[in-house]
Amino acid sequence: MPYPKNLQTAVEVEAVVRDTGAIPATIAILDGVPHVGLSSEQLKRLATNGSQFHKTARRDIAHVVASGGNGATTVSATMFFAHKVGIPIFVTGGIGGVHRHGEQTMDISSDLTELGKTPVAVISAGVKSILDIPRTLEYLETQGVTVAAYRTNEFPAFFTEISGCQVPCRVDSPEECAKIIHANKNLDLGSGILIAVPIPTQDAASGNIIESAIQKALEDAEEKKIIGNAITPFMLERVKELTGGSSLEANIALVKNNARLGAEVAVALSNLQHKEKNRMRRSAL
């Protein structure tokens, strides 16, 4: 996302969280120091110099910190830091997954293994259909990750509400989401939770245009016999050509929608925890 649109979006997303009653904490590594919550000056630094920041997954954290570098954290690294400071809910646009032909290349995002071992609830718009969604869901099952879809029985594919894949769990309110997170913590399962949120109805039209471009890019890749590690960069470039970069606004709308639900779930979880504490106090008396 180019500057200054990225900064504007970051500020607006944090405002959505605050307006809903929760506290936002954007995560990044600055000069070798992990930061959970950024000042306005730090947000601007990330926005203006983001292309020079190291894309930081869990595997990269030690290197970036030791070298005094700057890191833009992926889902896996963000989950790691959130859990370290006791933040139970993380909002993002979409997560990584199993890449197409992953059975040959073993190209599987570390986001999935992080979900299997870090008890943070991730709220996203699912995964893009550029990835192998059925295998992604199978991998999450293997990792013991609770996968829920919000107000739908079908796993969303980022720019479109449908993927053809059913989910094992449906949630219809922030309170239901909070109950699952609360139970996961109380049972000490040690794994994360993925709550997939469909694209907002008002943005579905532009989302469908982008999804059509993705499907056309897939056909082009098959026709050119592009497989393995080469398919993802080809797909990204081809979709950009076909849409003229129009995915930006839909992407922003998704993030804001996820942030709003994430904040609502955070408030519901806080209320649930307070009720339980009060109940336990009364029982002790």
# chains A, B, ... in the order shown; residues from 1 in each chain; ligands from 1
>>> residues_around(residues="range 61-76 of chain A", least_positions_apart="2", cutoff="8 Å", atoms="only C-alpha atoms", output="PyMOL selection string")
chain A and resi 27-34+46+50+53-59+78-80+92+95-96+110-112+114-115
>>> residues_around(residues="Thr152 in chain A", least_positions_apart="5", cutoff="10 Å", atoms="only C-alpha atoms", output="PDB file with all heavy atoms, in the first residue's frame")
ATOM      1  N   GLU A 161     -17.148 -13.998  -0.681  1.00  0.00           N
ATOM      2  CA  GLU A 161     -17.701 -14.669   0.497  1.00  0.00           C
ATOM      3  C   GLU A 161     -17.640 -16.182   0.418  1.00  0.00           C
ATOM      4  O   GLU A 161     -17.808 -16.867   1.430  1.00  0.00           O
ATOM      5  CB  GLU A 161     -19.183 -14.271   0.704  1.00  0.00           C
ATOM      6  CG  GLU A 161     -19.458 -12.783   0.765  1.00  0.00           C
ATOM      7  CD  GLU A 161     -20.081 -12.275  -0.519  1.00  0.00           C
ATOM      8  OE1 GLU A 161     -19.540 -12.584  -1.606  1.00  0.00           O
ATOM      9  OE2 GLU A 161     -21.106 -11.578  -0.429  1.00  0.00           O
ATOM     10  N   ILE A 162     -17.418 -16.709  -0.770  1.00  0.00           N
ATOM     11  CA  ILE A 162     -17.513 -18.160  -0.945  1.00  0.00           C
ATOM     12  C   ILE A 162     -16.191 -18.754  -1.414  1.00  0.00           C
ATOM     13  O   ILE A 162     -15.432 -18.122  -2.147  1.00  0.00           O
ATOM     14  CB  ILE A 162     -18.636 -18.531  -1.939  1.00  0.00           C
ATOM     15  CG1 ILE A 162     -18.397 -17.861  -3.295  1.00  0.00           C
ATOM     16  CG2 ILE A 162     -19.999 -18.150  -1.381  1.00  0.00           C
ATOM     17  CD1 ILE A 162     -19.364 -18.278  -4.373  1.00  0.00           C
ATOM     18  N   GLN A 166     -16.643 -25.790   3.468  1.00  0.00           N
ATOM     19  CA  GLN A 166     -17.432 -25.619   4.679  1.00  0.00           C
ATOM     20  C   GLN A 166     -16.515 -25.506   5.898  1.00  0.00           C
ATOM     21  O   GLN A 166     -15.411 -26.040   5.909  1.00  0.00           O
ATOM     22  CB  GLN A 166     -18.389 -26.808   4.869  1.00  0.00           C
ATOM     23  CG  GLN A 166     -19.411 -26.960   3.755  1.00  0.00           C
ATOM     24  CD  GLN A 166     -20.388 -25.800   3.696  1.00  0.00           C
ATOM     25  OE1 GLN A 166     -21.138 -25.557   4.635  1.00  0.00           O
ATOM     26  NE2 GLN A 166     -20.388 -25.064   2.587  1.00  0.00           N
ATOM     27  N   VAL A 167     -16.996 -24.796   6.912  1.00  0.00           N
ATOM     28  CA  VAL A 167     -16.222 -24.668   8.150  1.00  0.00           C
ATOM     29  C   VAL A 167     -16.833 -25.576   9.223  1.00  0.00           C
ATOM     30  O   VAL A 167     -18.030 -25.867   9.197  1.00  0.00           O
ATOM     31  CB  VAL A 167     -16.210 -23.210   8.661  1.00  0.00           C
ATOM     32  CG1 VAL A 167     -15.387 -22.329   7.754  1.00  0.00           C
ATOM     33  CG2 VAL A 167     -17.631 -22.667   8.820  1.00  0.00           C
ATOM     34  N   CYS A 169     -17.155 -24.803  12.307  1.00  0.00           N
ATOM     35  CA  CYS A 169     -17.728 -23.999  13.388  1.00  0.00           C
ATOM     36  C   CYS A 169     -18.252 -22.680  12.829  1.00  0.00           C
ATOM     37  O   CYS A 169     -17.572 -22.012  12.062  1.00  0.00           O
ATOM     38  CB  CYS A 169     -16.653 -23.742  14.454  1.00  0.00           C
ATOM     39  SG  CYS A 169     -17.151 -22.629  15.779  1.00  0.00           S
ATOM     40  N   ARG A 170     -19.468 -22.323  13.235  1.00  0.00           N
ATOM     41  CA  ARG A 170     -20.065 -21.046  12.837  1.00  0.00           C
ATOM     42  C   ARG A 170     -20.340 -20.216  14.088  1.00  0.00           C
ATOM     43  O   ARG A 170     -20.807 -20.739  15.092  1.00  0.00           O
ATOM     44  CB  ARG A 170     -21.368 -21.282  12.072  1.00  0.00           C
ATOM     45  CG  ARG A 170     -22.171 -20.000  11.822  1.00  0.00           C
ATOM     46  CD  ARG A 170     -23.419 -20.257  11.029  1.00  0.00           C
ATOM     47  NE  ARG A 170     -24.243 -19.053  10.950  1.00  0.00           N
ATOM     48  CZ  ARG A 170     -25.003 -18.728   9.911  1.00  0.00           C
ATOM     49  NH1 ARG A 170     -25.068 -19.542   8.874  1.00  0.00           N
ATOM     50  NH2 ARG A 170     -25.710 -17.609   9.924  1.00  0.00           N
ATOM     51  N   VAL A 171     -20.041 -18.922  14.005  1.00  0.00           N
ATOM     52  CA  VAL A 171     -20.336 -17.999  15.106  1.00  0.00           C
ATOM     53  C   VAL A 171     -21.171 -16.853  14.549  1.00  0.00           C
ATOM     54  O   VAL A 171     -20.921 -16.388  13.438  1.00  0.00           O
ATOM     55  CB  VAL A 171     -19.064 -17.471  15.780  1.00  0.00           C
ATOM     56  CG1 VAL A 171     -18.434 -18.514  16.670  1.00  0.00           C
ATOM     57  CG2 VAL A 171     -18.044 -16.989  14.747  1.00  0.00           C
ATOM     58  N   ASP A 172     -22.150 -16.399  15.322  1.00  0.00           N
ATOM     59  CA  ASP A 172     -23.077 -15.390  14.823  1.00  0.00           C
ATOM     60  C   ASP A 172     -23.074 -14.089  15.606  1.00  0.00           C
ATOM     61  O   ASP A 172     -23.878 -13.206  15.327  1.00  0.00           O
ATOM     62  CB  ASP A 172     -24.499 -15.965  14.795  1.00  0.00           C
ATOM     63  CG  ASP A 172     -24.675 -17.019  13.711  1.00  0.00           C
ATOM     64  OD1 ASP A 172     -24.564 -16.660  12.529  1.00  0.00           O
ATOM     65  OD2 ASP A 172     -24.880 -18.200  14.052  1.00  0.00           O
ATOM     66  N   ALA A 196     -12.939 -16.336  10.548  1.00  0.00           N
ATOM     67  CA  ALA A 196     -12.953 -15.828   9.174  1.00  0.00           C
ATOM     68  C   ALA A 196     -14.216 -15.018   8.921  1.00  0.00           C
ATOM     69  O   ALA A 196     -15.327 -15.491   9.163  1.00  0.00           O
ATOM     70  CB  ALA A 196     -12.857 -16.998   8.193  1.00  0.00           C
ATOM     71  N   VAL A 197     -14.023 -13.806   8.437  1.00  0.00           N
ATOM     72  CA  VAL A 197     -15.131 -12.861   8.256  1.00  0.00           C
ATOM     73  C   VAL A 197     -15.314 -12.562   6.764  1.00  0.00           C
ATOM     74  O   VAL A 197     -14.373 -12.119   6.099  1.00  0.00           O
ATOM     75  CB  VAL A 197     -14.839 -11.541   9.005  1.00  0.00           C
ATOM     76  CG1 VAL A 197     -16.061 -10.628   8.976  1.00  0.00           C
ATOM     77  CG2 VAL A 197     -14.394 -11.814  10.432  1.00  0.00           C
ATOM     78  N   PRO A 198     -16.507 -12.785   6.220  1.00  0.00           N
ATOM     79  CA  PRO A 198     -16.731 -12.516   4.794  1.00  0.00           C
ATOM     80  C   PRO A 198     -16.592 -11.029   4.470  1.00  0.00           C
ATOM     81  O   PRO A 198     -16.804 -10.167   5.333  1.00  0.00           O
ATOM     82  CB  PRO A 198     -18.176 -12.989   4.563  1.00  0.00           C
ATOM     83  CG  PRO A 198     -18.488 -13.877   5.719  1.00  0.00           C
ATOM     84  CD  PRO A 198     -17.697 -13.350   6.871  1.00  0.00           C
TER      85      PRO A 198
END
>>> atom_distance(atom1="CA of Val255 in chain A", atom2="CA of Asp60 in chain A")
24.7 Å
>>> closest_residue(among="A:Val122, A:Ile209, A:Ala221, A:Val85", to="Gly37 in chain A", atoms="only C-alpha atoms")
A:Val85
>>> residues_around(residues="Pro200 in chain A", least_positions_apart="4", cutoff="8 Å", atoms="only C-alpha atoms", output="list of chain:residue names")
A:Ala204, A:Ala253, A:Leu254, A:Asn257
>>> closest_residue(among="A:Arg282, A:Lys185, A:Lys256, A:His83", to="Thr9 in chain A", atoms="only C-alpha atoms")
A:Lys256
>>> select_by_dssp(residues="range 27-268 of chain A", states="strand (DSSP E)", output="mmCIF file with N, CA and C atoms, in the first residue's frame")
data_model
loop_
_atom_site.group_PDB
_atom_site.id
_atom_site.type_symbol
_atom_site.label_atom_id
_atom_site.label_comp_id
_atom_site.auth_asym_id
_atom_site.auth_seq_id
_atom_site.Cartn_x
_atom_site.Cartn_y
_atom_site.Cartn_z
ATOM 1 N N ILE A 27 1.829 -3.505 15.859
ATOM 2 C CA ILE A 27 3.089 -4.155 16.227
ATOM 3 C C ILE A 27 4.117 -4.044 15.107
ATOM 4 N N ALA A 28 5.374 -3.739 15.495
ATOM 5 C CA ALA A 28 6.487 -3.679 14.547
ATOM 6 C C ALA A 28 7.789 -3.751 15.335
ATOM 7 N N ILE A 29 8.888 -3.972 14.637
ATOM 8 C CA ILE A 29 10.222 -3.928 15.248
ATOM 9 C C ILE A 29 10.930 -2.686 14.715
ATOM 10 N N LEU A 30 11.362 -1.811 15.617
ATOM 11 C CA LEU A 30 12.032 -0.577 15.238
ATOM 12 C C LEU A 30 13.421 -0.534 15.866
ATOM 13 N N VAL A 33 14.156 -3.183 18.349
ATOM 14 C CA VAL A 33 13.316 -3.267 19.544
ATOM 15 C C VAL A 33 11.871 -3.567 19.145
ATOM 16 N N PRO A 34 11.303 -4.685 19.609
ATOM 17 C CA PRO A 34 9.891 -4.969 19.327
ATOM 18 C C PRO A 34 8.994 -3.937 20.012
ATOM 19 N N HIS A 35 8.034 -3.423 19.278
ATOM 20 C CA HIS A 35 7.087 -2.443 19.819
ATOM 21 C C HIS A 35 5.672 -3.007 19.703
ATOM 22 N N VAL A 36 4.962 -3.000 20.801
ATOM 23 C CA VAL A 36 3.554 -3.404 20.809
ATOM 24 C C VAL A 36 2.751 -2.149 21.118
ATOM 25 N N HIS A 54 12.275 -5.053 6.932
ATOM 26 C CA HIS A 54 12.408 -6.486 6.676
ATOM 27 C C HIS A 54 11.072 -7.174 6.951
ATOM 28 N N LYS A 55 10.575 -7.922 5.975
ATOM 29 C CA LYS A 55 9.357 -8.704 6.210
ATOM 30 C C LYS A 55 9.693 -9.777 7.243
ATOM 31 N N THR A 56 9.071 -9.671 8.415
ATOM 32 C CA THR A 56 9.518 -10.455 9.559
ATOM 33 C C THR A 56 8.482 -11.482 10.001
ATOM 34 N N GLY A 71 11.546 -4.223 11.344
ATOM 35 C CA GLY A 71 10.747 -5.331 10.844
ATOM 36 C C GLY A 71 9.265 -5.037 10.778
ATOM 37 N N ALA A 72 8.666 -5.324 9.614
ATOM 38 C CA ALA A 72 7.209 -5.306 9.464
ATOM 39 C C ALA A 72 6.746 -6.733 9.708
ATOM 40 N N THR A 73 6.040 -6.960 10.794
ATOM 41 C CA THR A 73 5.739 -8.320 11.234
ATOM 42 C C THR A 73 4.596 -8.953 10.450
ATOM 43 N N ILE A 89 -6.351 -11.071 21.053
ATOM 44 C CA ILE A 89 -7.038 -10.934 19.763
ATOM 45 C C ILE A 89 -6.186 -10.115 18.795
ATOM 46 N N PHE A 90 -6.044 -10.618 17.594
ATOM 47 C CA PHE A 90 -5.241 -9.974 16.555
ATOM 48 C C PHE A 90 -6.071 -9.873 15.277
ATOM 49 N N VAL A 91 -6.110 -8.685 14.703
ATOM 50 C CA VAL A 91 -6.882 -8.440 13.484
ATOM 51 C C VAL A 91 -5.934 -8.195 12.315
ATOM 52 N N ALA A 121 -6.384 -15.359 19.105
ATOM 53 C CA ALA A 121 -7.468 -15.433 18.127
ATOM 54 C C ALA A 121 -7.170 -14.458 16.993
ATOM 55 N N VAL A 122 -7.150 -14.968 15.777
ATOM 56 C CA VAL A 122 -6.870 -14.155 14.604
ATOM 57 C C VAL A 122 -8.162 -13.944 13.822
ATOM 58 N N ILE A 123 -8.494 -12.687 13.614
ATOM 59 C CA ILE A 123 -9.705 -12.355 12.861
ATOM 60 C C ILE A 123 -9.274 -11.826 11.496
ATOM 61 N N SER A 124 -9.685 -12.538 10.451
ATOM 62 C CA SER A 124 -9.257 -12.172 9.098
ATOM 63 C C SER A 124 -10.383 -12.464 8.114
ATOM 64 N N THR A 146 -8.872 -24.186 15.918
ATOM 65 C CA THR A 146 -10.307 -23.960 15.768
ATOM 66 C C THR A 146 -10.529 -22.960 14.642
ATOM 67 N N VAL A 147 -11.294 -23.351 13.628
ATOM 68 C CA VAL A 147 -11.602 -22.467 12.502
ATOM 69 C C VAL A 147 -13.099 -22.191 12.510
ATOM 70 N N ALA A 148 -13.440 -20.923 12.644
ATOM 71 C CA ALA A 148 -14.847 -20.525 12.675
ATOM 72 C C ALA A 148 -15.098 -19.478 11.602
ATOM 73 N N ALA A 149 -16.302 -19.460 11.065
ATOM 74 C CA ALA A 149 -16.693 -18.426 10.107
ATOM 75 C C ALA A 149 -17.791 -17.585 10.728
ATOM 76 N N TYR A 150 -17.750 -16.298 10.455
ATOM 77 C CA TYR A 150 -18.690 -15.365 11.088
ATOM 78 C C TYR A 150 -19.955 -15.208 10.249
ATOM 79 N N CYS A 169 -17.155 -24.803 12.307
ATOM 80 C CA CYS A 169 -17.728 -23.999 13.388
ATOM 81 C C CYS A 169 -18.252 -22.680 12.829
ATOM 82 N N ARG A 170 -19.468 -22.323 13.235
ATOM 83 C CA ARG A 170 -20.065 -21.046 12.837
ATOM 84 C C ARG A 170 -20.340 -20.216 14.088
ATOM 85 N N VAL A 171 -20.041 -18.922 14.005
ATOM 86 C CA VAL A 171 -20.336 -17.999 15.106
ATOM 87 C C VAL A 171 -21.171 -16.853 14.549
ATOM 88 N N ILE A 193 -6.917 -19.549 17.370
ATOM 89 C CA ILE A 193 -8.264 -19.630 16.801
ATOM 90 C C ILE A 193 -8.304 -18.734 15.567
ATOM 91 N N LEU A 194 -8.887 -19.222 14.492
ATOM 92 C CA LEU A 194 -9.065 -18.415 13.293
ATOM 93 C C LEU A 194 -10.543 -18.132 13.101
ATOM 94 N N ILE A 195 -10.892 -16.848 13.125
ATOM 95 C CA ILE A 195 -12.273 -16.430 12.871
ATOM 96 C C ILE A 195 -12.291 -15.725 11.519
ATOM 97 N N ALA A 196 -12.939 -16.336 10.548
ATOM 98 C CA ALA A 196 -12.953 -15.828 9.174
ATOM 99 C C ALA A 196 -14.216 -15.018 8.921
#
>>> closest_residue(among="A:Gln215, A:Gln42, A:Thr232, A:Asn271", to="Gly97 in chain A", atoms="only C-alpha atoms")
A:Thr232
>>> residues_around(residues="Ser191 in chain A", least_positions_apart="6", cutoff="9 Å", atoms="only C-alpha atoms", output="ChimeraX atom specification")
/A:114-120,143-146,184
>>> atom_distance(atom1="CA of Gly94 in chain A", atom2="CA of Ser129 in chain A")
10.9 Å
>>> residues_around(residues="Gly164 in chain A", least_positions_apart="6", cutoff="10 Å", atoms="only C-alpha atoms", output="list of chain:residue names")
A:Ile133, A:Pro134, A:Glu154, A:Phe155, A:Pro156, A:Ala157
>>> residues_around(residues="Ala266 in chain A", least_positions_apart="2", cutoff="8 Å", atoms="only C-alpha atoms", output="list of chain:residue names")
A:Ala22, A:Ile89, A:Ala178, A:Gly262, A:Ala263, A:Glu264, A:Ala268, A:Leu269, A:Ser270
>>> write_last_selection(atoms="N, CA, C and O atoms", output="PDB file, in the first residue's frame")
ATOM      1  N   ALA A  22     -12.339  -0.658  22.246  1.00  0.00           N
ATOM      2  CA  ALA A  22     -11.133  -1.434  22.548  1.00  0.00           C
ATOM      3  C   ALA A  22      -9.888  -0.562  22.373  1.00  0.00           C
ATOM      4  O   ALA A  22      -9.984   0.603  21.978  1.00  0.00           O
ATOM      5  N   ILE A  89      -6.351 -11.071  21.053  1.00  0.00           N
ATOM      6  CA  ILE A  89      -7.038 -10.934  19.763  1.00  0.00           C
ATOM      7  C   ILE A  89      -6.186 -10.115  18.795  1.00  0.00           C
ATOM      8  O   ILE A  89      -5.671  -9.051  19.146  1.00  0.00           O
ATOM      9  N   ALA A 178     -16.272 -14.585  21.658  1.00  0.00           N
ATOM     10  CA  ALA A 178     -15.612 -14.403  22.954  1.00  0.00           C
ATOM     11  C   ALA A 178     -15.682 -15.673  23.792  1.00  0.00           C
ATOM     12  O   ALA A 178     -14.714 -16.036  24.481  1.00  0.00           O
ATOM     13  N   GLY A 262     -13.199  -7.345  15.439  1.00  0.00           N
ATOM     14  CA  GLY A 262     -12.191  -7.684  16.433  1.00  0.00           C
ATOM     15  C   GLY A 262     -12.357  -6.883  17.710  1.00  0.00           C
ATOM     16  O   GLY A 262     -12.236  -7.419  18.822  1.00  0.00           O
ATOM     17  N   ALA A 263     -12.635  -5.597  17.561  1.00  0.00           N
ATOM     18  CA  ALA A 263     -12.852  -4.743  18.731  1.00  0.00           C
ATOM     19  C   ALA A 263     -14.116  -5.155  19.488  1.00  0.00           C
ATOM     20  O   ALA A 263     -14.139  -5.175  20.727  1.00  0.00           O
ATOM     21  N   GLU A 264     -15.165  -5.499  18.746  1.00  0.00           N
ATOM     22  CA  GLU A 264     -16.409  -5.950  19.396  1.00  0.00           C
ATOM     23  C   GLU A 264     -16.170  -7.242  20.176  1.00  0.00           C
ATOM     24  O   GLU A 264     -16.692  -7.414  21.286  1.00  0.00           O
ATOM     25  N   ALA A 268     -16.496  -7.879  24.208  1.00  0.00           N
ATOM     26  CA  ALA A 268     -17.309  -8.997  24.709  1.00  0.00           C
ATOM     27  C   ALA A 268     -16.477  -9.923  25.586  1.00  0.00           C
ATOM     28  O   ALA A 268     -16.958 -10.417  26.621  1.00  0.00           O
ATOM     29  N   LEU A 269     -15.232 -10.165  25.192  1.00  0.00           N
ATOM     30  CA  LEU A 269     -14.348 -11.031  25.985  1.00  0.00           C
ATOM     31  C   LEU A 269     -14.030 -10.392  27.334  1.00  0.00           C
ATOM     32  O   LEU A 269     -14.036 -11.071  28.366  1.00  0.00           O
ATOM     33  N   SER A 270     -13.775  -9.090  27.328  1.00  0.00           N
ATOM     34  CA  SER A 270     -13.509  -8.381  28.583  1.00  0.00           C
ATOM     35  C   SER A 270     -14.711  -8.457  29.515  1.00  0.00           C
ATOM     36  O   SER A 270     -14.576  -8.712  30.721  1.00  0.00           O
TER      37      SER A 270
END
>>> residues_around(residues="Ala213 in chain A", least_positions_apart="5", cutoff="7 Å", atoms="only C-alpha atoms", output="list in words")
Val239, Leu242 and Thr243 of chain A
>>> write_last_selection(atoms="C-alpha atoms", output="compact mmCIF listing (two decimals), in the first residue's frame")
# COMPACT_ATOMS: atom_id res chain seq x y z
CA VAL A 239 -4.00 -10.01 -11.04
CA LEU A 242 -6.04 -7.45 -14.88
CA THR A 243 -7.50 -5.19 -12.19
>>> select_by_dssp(residues="range 127-258 of chain A", states="helix (DSSP H, G or I)", output="ChimeraX atom specification")
/A:133-142,174-186,201-223,228-243,247-258
>>> atom_distance(atom1="CA of Ile108 in chain A", atom2="CA of Glu141 in chain A")
14.2 Å
>>> decode(residues="range 80-94 of chain A", atoms="N, CA, C and O atoms", output="mmCIF file, in the first residue's frame")
data_model
loop_
_atom_site.group_PDB
_atom_site.id
_atom_site.type_symbol
_atom_site.label_atom_id
_atom_site.label_comp_id
_atom_site.auth_asym_id
_atom_site.auth_seq_id
_atom_site.Cartn_x
_atom_site.Cartn_y
_atom_site.Cartn_z
ATOM 1 N N PHE A 80 3.107 -13.912 17.856
ATOM 2 C CA PHE A 80 4.126 -14.196 18.871
ATOM 3 C C PHE A 80 4.236 -13.044 19.867
ATOM 4 O O PHE A 80 4.194 -13.248 21.083
ATOM 5 N N PHE A 81 4.363 -11.814 19.355
ATOM 6 C CA PHE A 81 4.515 -10.662 20.243
ATOM 7 C C PHE A 81 3.227 -10.365 21.012
ATOM 8 O O PHE A 81 3.268 -9.990 22.188
ATOM 9 N N ALA A 82 2.083 -10.520 20.350
ATOM 10 C CA ALA A 82 0.806 -10.280 21.034
ATOM 11 C C ALA A 82 0.665 -11.213 22.239
ATOM 12 O O ALA A 82 0.289 -10.784 23.340
ATOM 13 N N HIS A 83 0.986 -12.481 22.030
ATOM 14 C CA HIS A 83 0.871 -13.443 23.126
ATOM 15 C C HIS A 83 1.847 -13.127 24.252
ATOM 16 O O HIS A 83 1.511 -13.289 25.435
ATOM 17 N N LYS A 84 3.034 -12.659 23.912
ATOM 18 C CA LYS A 84 4.039 -12.338 24.918
ATOM 19 C C LYS A 84 3.553 -11.286 25.907
ATOM 20 O O LYS A 84 3.933 -11.301 27.085
ATOM 21 N N VAL A 85 2.721 -10.358 25.423
ATOM 22 C CA VAL A 85 2.244 -9.285 26.305
ATOM 23 C C VAL A 85 0.789 -9.478 26.745
ATOM 24 O O VAL A 85 0.188 -8.581 27.337
ATOM 25 N N GLY A 86 0.226 -10.633 26.433
ATOM 26 C CA GLY A 86 -1.116 -10.948 26.915
ATOM 27 C C GLY A 86 -2.265 -10.401 26.098
ATOM 28 O O GLY A 86 -3.383 -10.268 26.606
ATOM 29 N N ILE A 87 -2.023 -10.075 24.829
ATOM 30 C CA ILE A 87 -3.113 -9.619 23.951
ATOM 31 C C ILE A 87 -3.741 -10.849 23.297
ATOM 32 O O ILE A 87 -3.061 -11.586 22.578
ATOM 33 N N PRO A 88 -5.041 -11.093 23.527
ATOM 34 C CA PRO A 88 -5.658 -12.338 23.043
ATOM 35 C C PRO A 88 -6.252 -12.278 21.638
ATOM 36 O O PRO A 88 -6.625 -13.300 21.086
ATOM 37 N N ILE A 89 -6.351 -11.071 21.053
ATOM 38 C CA ILE A 89 -7.038 -10.934 19.763
ATOM 39 C C ILE A 89 -6.186 -10.115 18.795
ATOM 40 O O ILE A 89 -5.671 -9.051 19.146
ATOM 41 N N PHE A 90 -6.044 -10.618 17.594
ATOM 42 C CA PHE A 90 -5.241 -9.974 16.555
ATOM 43 C C PHE A 90 -6.071 -9.873 15.277
ATOM 44 O O PHE A 90 -6.641 -10.853 14.816
ATOM 45 N N VAL A 91 -6.110 -8.685 14.703
ATOM 46 C CA VAL A 91 -6.882 -8.440 13.484
ATOM 47 C C VAL A 91 -5.934 -8.195 12.315
ATOM 48 O O VAL A 91 -4.947 -7.471 12.442
ATOM 49 N N THR A 92 -6.231 -8.797 11.191
ATOM 50 C CA THR A 92 -5.440 -8.596 9.979
ATOM 51 C C THR A 92 -6.355 -8.678 8.768
ATOM 52 O O THR A 92 -7.557 -8.919 8.908
ATOM 53 N N GLY A 93 -5.794 -8.472 7.579
ATOM 54 C CA GLY A 93 -6.602 -8.601 6.364
ATOM 55 C C GLY A 93 -6.855 -10.061 6.053
ATOM 56 O O GLY A 93 -7.971 -10.554 6.094
ATOM 57 N N GLY A 94 -5.781 -10.779 5.750
ATOM 58 C CA GLY A 94 -5.878 -12.213 5.490
ATOM 59 C C GLY A 94 -4.631 -12.908 5.998
ATOM 60 O O GLY A 94 -3.623 -12.262 6.282
#
